[in-house]
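Source file: start.txt (compact mmCIF, C-alpha atoms)
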```
# COMPACT_ATOMS: atom_id res chain seq x y z
CA MET K 251 -5.36 -5.26 -25.78
CA GLU K 252 -5.71 -3.70 -22.33
CA THR K 253 -2.47 -2.79 -20.59
CA MET K 254 -1.67 -2.52 -16.89
CA ARG K 255 -1.66 1.25 -17.18
CA ASP K 256 -5.07 1.21 -18.90
CA ARG K 257 -6.40 -0.43 -15.74
CA LEU K 258 -4.90 2.19 -13.40
CA ALA K 259 -7.26 5.14 -13.87
CA PRO K 260 -10.53 3.16 -13.64
CA VAL K 261 -9.38 1.30 -10.54
CA ALA K 262 -7.96 4.38 -8.83
CA SER K 263 -11.14 6.31 -9.64
CA ARG K 264 -13.23 3.57 -8.02
CA LEU K 265 -10.95 3.66 -4.99
CA LEU K 266 -11.59 7.40 -4.71
CA GLU K 267 -15.30 6.61 -4.48
CA GLU K 268 -14.87 3.71 -2.07
CA ASN K 269 -12.35 5.20 0.33
CA PRO K 270 -12.43 8.85 1.50
CA ARG K 271 -8.74 8.58 2.47
CA VAL K 272 -7.60 7.98 -1.11
CA ALA K 273 -6.06 10.82 -3.11
CA VAL K 274 -4.39 10.82 -6.52
CA VAL K 275 -1.35 12.95 -7.38
CA LEU K 276 -0.25 13.27 -11.02
CA ALA K 277 2.59 14.97 -12.86
CA GLU K 278 0.73 15.71 -16.11
CA ILE K 279 1.25 12.18 -17.43
CA GLY K 280 -1.99 10.19 -17.27
CA ARG K 281 -4.24 13.14 -16.45
CA ASP K 282 -6.73 12.37 -19.27
CA GLY K 283 -7.67 9.08 -17.63
CA PHE K 284 -8.63 10.98 -14.47
CA ALA K 285 -10.69 13.73 -16.16
CA GLU K 286 -13.96 12.60 -14.54
CA ALA K 287 -12.30 12.03 -11.15
CA LEU K 288 -10.83 15.54 -11.34
CA ARG K 289 -14.33 16.96 -11.77
CA THR K 290 -15.86 14.78 -9.07
CA HIS K 291 -13.09 15.02 -6.48
CA PRO K 292 -11.10 18.19 -7.18
CA ASP K 293 -9.88 18.20 -3.57
CA ARG K 294 -8.38 14.72 -3.84
CA VAL K 295 -7.10 14.59 -7.43
CA ILE K 296 -4.12 16.90 -7.89
CA ASN K 297 -2.05 17.48 -11.03
CA VAL K 298 1.23 19.26 -10.21
CA GLY K 299 2.36 19.55 -13.82
CA ILE K 300 5.89 18.56 -14.84
CA ARG K 301 7.32 19.07 -11.35
CA GLU K 302 8.29 15.64 -10.13
CA GLN K 303 9.96 16.77 -6.90
CA LEU K 304 6.71 18.56 -6.00
CA LEU K 305 4.81 15.40 -6.94
CA ILE K 306 6.47 13.49 -4.10
CA GLY K 307 6.45 16.42 -1.68
CA ALA K 308 2.73 16.99 -2.22
CA ALA K 309 2.03 13.29 -1.72
CA ALA K 310 3.98 13.30 1.54
CA GLY K 311 2.04 16.33 2.74
CA LEU K 312 -1.26 14.62 1.94
CA ALA K 313 -0.11 11.50 3.77
CA LEU K 314 0.80 13.52 6.85
CA THR K 315 -2.77 14.87 6.95
CA GLY K 316 -4.13 11.30 7.02
CA LEU K 317 -4.79 10.67 3.33
CA ARG K 318 -3.56 7.69 1.31
CA PRO K 319 -2.06 9.12 -1.90
CA ILE K 320 -1.68 7.18 -5.14
CA VAL K 321 1.15 8.86 -7.04
CA HIS K 322 1.60 8.24 -10.77
CA THR K 323 4.01 9.07 -13.56
CA PHE K 324 6.75 7.37 -15.58
CA ALA K 325 9.23 5.39 -13.46
CA SER K 326 12.15 7.65 -14.38
CA PHE K 327 10.20 10.68 -13.13
CA LEU K 328 8.69 8.91 -10.12
CA VAL K 329 11.75 7.25 -8.60
CA GLU K 330 14.93 8.59 -10.18
CA ARG K 331 14.36 12.31 -10.68
CA PRO K 332 12.77 13.01 -7.25
CA PHE K 333 14.80 10.42 -5.34
CA GLU K 334 15.85 12.90 -2.66
CA GLN K 335 12.18 13.68 -1.97
CA VAL K 336 11.36 9.96 -1.89
CA LYS K 337 14.15 9.47 0.64
CA LEU K 338 13.35 12.48 2.82
CA ASP K 339 9.72 13.55 2.33
CA LEU K 340 8.39 9.99 2.44
CA GLY K 341 11.14 7.94 4.09
CA HIS K 342 12.56 10.29 6.72
CA GLN K 343 9.11 11.57 7.68
CA ASN K 344 7.70 8.02 7.68
CA ALA K 345 4.90 9.16 5.37
CA GLY K 346 3.16 6.40 3.45
CA ALA K 347 2.22 6.56 -0.22
CA VAL K 348 1.55 4.26 -3.16
CA LEU K 349 3.88 5.08 -6.05
CA VAL K 350 2.57 3.63 -9.33
CA SER K 351 4.94 3.87 -12.27
CA ALA K 352 4.66 3.40 -16.02
CA ALA K 353 7.15 2.85 -18.86
CA ALA K 354 9.19 0.31 -16.83
CA SER K 355 12.72 -0.37 -18.09
CA PHE K 356 12.24 0.48 -21.76
CA ASP K 357 8.54 0.38 -22.65
CA TRP K 358 8.81 3.51 -24.80
CA PRO K 359 12.18 3.24 -26.54
CA ALA K 360 11.50 6.25 -28.77
CA GLY K 361 11.47 8.41 -25.65
CA GLY K 362 15.13 7.67 -25.10
CA VAL K 363 17.04 7.01 -21.91
CA THR K 364 15.27 9.88 -20.11
CA HIS K 365 12.11 7.74 -20.17
CA MET K 366 13.77 4.46 -19.17
CA ALA K 367 14.28 3.23 -15.60
CA PRO K 368 15.84 -0.23 -15.37
CA GLY K 369 17.40 0.75 -12.04
CA ASP K 370 14.22 1.79 -10.23
CA ILE K 371 13.83 -1.28 -8.01
CA ALA K 372 17.53 -1.33 -7.15
CA LEU K 373 17.43 2.37 -6.26
CA LEU K 374 14.38 2.06 -4.01
CA ASP K 375 15.98 -0.98 -2.42
CA THR K 376 18.60 1.34 -0.89
CA LEU K 377 15.82 2.71 1.34
CA ASP K 378 14.18 1.10 4.34
CA GLY K 379 10.66 -0.22 4.56
CA TRP K 380 9.43 -0.28 0.96
CA THR K 381 7.08 -2.93 -0.40
CA MET K 382 7.58 -3.44 -4.14
CA HIS K 383 5.10 -5.11 -6.49
CA VAL K 384 5.90 -6.10 -10.07
CA PRO K 385 2.68 -7.43 -11.66
CA GLY K 386 2.79 -9.48 -14.83
CA HIS K 387 -0.80 -8.92 -16.02
CA PRO K 388 -3.43 -6.14 -15.79
CA ASP K 389 -5.58 -8.25 -13.44
CA GLU K 390 -2.60 -8.71 -11.13
CA ALA K 391 -1.88 -4.98 -11.32
CA GLU K 392 -5.41 -4.25 -10.06
CA THR K 393 -5.10 -6.80 -7.25
CA LEU K 394 -1.74 -5.46 -6.14
CA LEU K 395 -2.85 -1.83 -6.36
CA ARG K 396 -5.77 -2.61 -4.09
CA HIS K 397 -3.42 -4.42 -1.70
CA ALA K 398 -1.14 -1.39 -1.72
CA VAL K 399 -3.89 1.12 -0.96
CA ALA K 400 -5.20 -1.08 1.84
CA ALA K 401 -1.73 -1.40 3.39
CA GLY K 402 -2.33 1.19 6.11
CA ASP K 403 0.33 3.87 5.84
CA ASP K 404 3.04 1.73 4.26
CA LYS K 405 5.36 2.89 1.49
CA VAL K 406 4.56 0.84 -1.61
CA TYR K 407 5.85 0.84 -5.17
CA VAL K 408 3.77 -0.74 -7.97
CA ARG K 409 5.72 -1.15 -11.21
CA LEU K 410 3.51 -1.24 -14.32
CA SER K 411 4.73 -2.33 -17.75
CA LEU K 412 3.52 -2.81 -21.31
CA GLN K 413 5.09 -6.26 -21.15
CA ALA K 414 2.60 -8.78 -19.82
CA ASN K 415 1.97 -12.49 -19.53
CA ARG K 416 -0.94 -14.06 -21.38
CA GLU K 417 -2.81 -15.09 -18.22
CA ALA K 418 -3.15 -13.70 -14.72
CA LEU K 419 -2.33 -15.79 -11.66
CA PRO K 420 -3.81 -15.53 -8.14
CA VAL K 421 -1.23 -13.26 -6.51
CA ASP K 422 -1.54 -12.27 -2.85
CA GLY K 423 0.92 -9.39 -2.46
CA GLU K 424 3.30 -11.45 -0.33
CA HIS K 425 4.35 -14.87 -1.58
CA PHE K 426 5.98 -16.47 -4.60
CA LEU K 427 3.81 -18.93 -6.54
CA THR K 428 5.15 -22.33 -7.57
CA VAL K 429 4.25 -22.69 -11.25
CA ARG K 430 6.37 -25.74 -12.09
CA GLU K 431 8.37 -28.20 -10.00
CA GLY K 432 11.73 -29.76 -10.84
CA ARG K 433 14.98 -31.02 -9.33
CA ALA K 434 17.76 -29.27 -11.24
CA GLY K 435 17.41 -25.85 -9.67
CA VAL K 436 15.06 -22.96 -9.07
CA VAL K 437 14.19 -20.22 -11.57
CA ILE K 438 12.46 -17.14 -10.18
CA ALA K 439 10.49 -15.33 -12.88
CA VAL K 440 9.55 -11.78 -11.89
CA GLY K 441 6.34 -10.23 -13.19
CA PRO K 442 6.13 -10.06 -17.00
CA MET K 443 9.08 -12.44 -17.40
CA LEU K 444 6.98 -15.53 -16.57
CA ASP K 445 5.82 -16.51 -20.08
CA ALA K 446 9.35 -16.26 -21.50
CA VAL K 447 10.76 -18.25 -18.56
CA LEU K 448 8.16 -21.01 -18.94
CA ALA K 449 8.93 -21.28 -22.65
CA ALA K 450 12.67 -21.24 -21.97
CA THR K 451 12.57 -23.95 -19.30
CA GLU K 452 10.02 -26.26 -20.91
CA GLU K 453 12.63 -29.01 -21.37
CA LEU K 454 14.57 -28.31 -18.17
CA ASP K 455 13.95 -30.13 -14.89
CA VAL K 456 13.67 -26.97 -12.80
CA THR K 457 11.24 -25.43 -10.35
CA VAL K 458 9.75 -22.14 -11.57
CA LEU K 459 8.64 -19.63 -8.94
CA TYR K 460 6.55 -16.64 -9.95
CA ALA K 461 7.31 -13.41 -8.08
CA THR K 462 5.08 -10.36 -8.27
CA THR K 463 6.10 -8.99 -4.86
CA VAL K 464 9.88 -8.68 -4.70
CA ARG K 465 10.21 -6.68 -1.47
CA PRO K 466 9.82 -8.02 1.09
CA PHE K 467 11.55 -10.94 -0.62
CA ASP K 468 9.81 -14.28 0.00
CA ALA K 469 12.83 -15.97 1.57
CA ALA K 470 10.73 -18.78 3.06
CA GLY K 471 9.22 -19.58 -0.33
CA LEU K 472 12.64 -19.77 -1.95
CA ARG K 473 14.01 -21.95 0.86
CA ARG K 474 11.14 -24.40 0.46
CA ALA K 475 11.71 -24.62 -3.29
CA ALA K 476 15.48 -24.94 -2.93
CA GLY K 477 15.11 -27.58 -0.24
CA ALA K 478 13.16 -29.80 -2.60
CA GLY K 479 16.20 -30.15 -4.87
CA ALA K 480 19.84 -31.06 -4.35
CA ALA K 481 21.99 -30.13 -1.36
CA ARG K 482 23.55 -27.26 -3.33
CA PRO K 483 20.75 -25.54 -5.21
CA ASP K 484 21.21 -23.50 -8.33
CA VAL K 485 19.04 -20.37 -8.39
CA VAL K 486 18.37 -18.24 -11.48
CA LEU K 487 16.68 -14.86 -11.16
CA VAL K 488 14.99 -13.43 -14.25
CA GLU K 489 14.03 -9.82 -13.53
CA PRO K 490 12.59 -7.24 -15.99
CA TYR K 491 14.89 -4.56 -14.56
CA LEU K 492 18.59 -4.27 -13.70
CA ALA K 493 20.28 -7.68 -13.73
CA GLY K 494 21.30 -8.88 -10.27
CA THR K 495 18.95 -6.59 -8.36
CA SER K 496 17.77 -9.44 -6.10
CA THR K 497 20.84 -11.67 -5.99
CA GLY K 498 21.66 -10.25 -2.55
CA ALA K 499 18.20 -11.20 -1.32
CA VAL K 500 18.74 -14.75 -2.59
CA GLY K 501 22.08 -14.84 -0.76
CA GLU K 502 20.45 -13.77 2.48
CA ALA K 503 17.65 -16.31 2.09
CA LEU K 504 20.14 -19.14 1.54
CA ALA K 505 22.95 -17.85 3.77
CA ASP K 506 23.33 -21.21 5.51
CA VAL K 507 23.06 -23.26 2.32
CA PRO K 508 25.87 -23.62 -0.25
CA HIS K 509 24.34 -22.44 -3.52
CA ARG K 510 24.98 -20.76 -6.84
CA VAL K 511 22.98 -17.82 -8.18
CA LEU K 512 22.69 -16.29 -11.64
CA GLY K 513 21.04 -12.89 -12.03
CA LEU K 514 19.50 -12.20 -15.44
CA GLY K 515 17.87 -8.92 -16.37
CA VAL K 516 18.56 -5.62 -18.07
CA ALA K 517 22.27 -5.03 -18.65
CA ARG K 518 23.99 -1.89 -17.40
CA ARG K 519 25.14 -0.90 -20.87
CA GLU K 520 23.01 1.77 -22.53
CA LEU K 521 21.46 0.85 -25.86
CA ARG K 522 21.59 4.07 -27.87
CA ARG K 523 19.77 2.83 -30.98
CA TYR K 524 16.41 2.67 -29.33
CA GLY K 525 14.44 0.50 -31.75
CA THR K 526 11.40 -1.35 -30.40
CA LEU K 527 10.50 -2.86 -27.05
CA GLU K 528 10.91 -6.36 -28.50
CA GLU K 529 14.37 -5.49 -29.79
CA HIS K 530 15.39 -4.30 -26.34
CA VAL K 531 14.13 -7.52 -24.78
CA ALA K 532 16.22 -9.55 -27.23
CA ALA K 533 19.27 -7.31 -26.90
CA HIS K 534 19.29 -7.85 -23.14
CA GLY K 535 18.88 -11.61 -23.54
CA LEU K 536 15.43 -11.73 -22.00
CA ASP K 537 13.60 -13.43 -24.87
CA ALA K 538 12.75 -17.13 -24.55
CA ARG K 539 15.53 -18.33 -26.88
CA SER K 540 18.26 -16.41 -25.08
CA LEU K 541 16.94 -17.41 -21.66
CA ARG K 542 16.92 -21.07 -22.70
CA GLU K 543 20.61 -20.87 -23.59
CA ARG K 544 21.64 -18.91 -20.48
CA ILE K 545 19.62 -20.93 -17.97
CA GLY K 546 20.47 -24.25 -19.57
CA ALA K 547 24.18 -23.46 -19.48
CA PHE K 548 24.00 -22.56 -15.79
CA VAL K 549 22.04 -25.39 -14.20
CA ALA K 550 24.11 -28.50 -13.53
CA PRO K 551 24.19 -30.51 -16.80
CA ALA K 552 23.83 -33.82 -14.97
CA ARG K 553 20.46 -32.72 -13.63
CA VAL K 554 19.00 -31.22 -16.82
```
Please render this file's structure as structure tokens.
Amino acid sequence: METMRDRLAPVASRLLEENPRVAVVLAEIGRDGFAEALRTHPDRVINVGIREQLLIGAAAGLALTGLRPIVHTFASFLVERPFEQVKLDLGHQNAGAVLVSAAASFDWPAGGVTHMAPGDIALLDTLDGWTMHVPGHPDEAETLLRHAVAAGDDKVYVRLSLQANREALPVDGEHFLTVREGRAGVVIAVGPMLDAVLAATEELDVTVLYATTVRPFDAAGLRRAAGAGAARPDVVLVEPYLAGTSTGAVGEALADVPHRVLGLGVARRELRRYGTLEEHVAAHGLDARSLRERIGAFVAPARV
């Protein structure tokens, strides 16, 4: 089965052909997928080896010359390890780039905590001006990558994962999609969490919003969905990264509306027996059974 990351190299290689501004910067990881592009465009496909700080610095330099770099490695090496360069080389210099990660929160458990990054979105959210996409299907990943490259000189993060929903939805890089309507509250399913959320809420009278772009946060979309329910809406966030990452954004969107919010996602505690991806999902309560219990207990019982 094709993964989001499988789609990256073919799409980025086509973008190299279509757009003379596009460049690709790698840190060893993923280089095999760009073997042909390296031969065809050696001036615009650069592998810096295992030097992640240089990865970001080189991308910023390319951006300052007018290119549009796509920068790829594991999330822990793309956001966490070179965070100072992300903050200064890209942010302070106002240099745009498209950071495309892999491995997500715990896609490769055998790699250990060094290859896990459940805090990547929260960390980038401390910086100004970032657009963040969290696709839930390879088709959506391609759509959002193309959106990101076309976004002028913006700073964009595209978070790829092995977890995926069964079907792609028509995402636009801006708005939440209403997948199901109800009156007992609003559940926001981010990226690959949608299938589990739909299974978990099948018997609950809730609205389900699908979010693949989490920054900027679609405050207007949430307000519309919350306004369709009771005067005091209950909002549940189900995010495939650090729990509570977007609860502040919900609070800002509903600042003038009394509401309750529950943030579900990856717990802060470190799981040291790495196991499998599926075991991590269950251990963090992000499987359909656990979500059904947690969401059902939160929404007002009288409206379930």
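Atom to atom, atom CA of K:His425 and atom CA of K:Phe467 stand 8.3 Å apart.
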Problem - Long-range neighbours of stretch 284-299 of chain K as a list in words, 7 Å cut-off, all atoms listed in the file, 5 positions minimum in chain - result: Ala259, Ser263, Ala273, Val274, Val275, Leu276, Ala277, Glu278, Leu304 and Leu305 of chain K
Practice task
Point out the residue among K:Ala449, K:Ala493, K:Val488, K:Ala503 with the least atom-to-atom distance to K:Ala470, counting all atoms listed in the file.
Solution key: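 Of all the options, K:Ala503 lies closest to K:Ala470.
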Exercise for the section: Using all atoms listed in the file, determine which residues lie at most 12 Å from stretch 332-338 of chain K, disregarding the query and same-chain residues fewer than 4 positions distant; provide the list as a PyMOL selection string. Expected result: chain K and resi 277+300-311+321+323-328+342-349+370+373-380+405-407
Practice task
Please indicate the distance in Å from atom CA of K:Ala401 to atom CA of K:Arg281, rounded to one decimal place.
Solution key: 24.7 Å
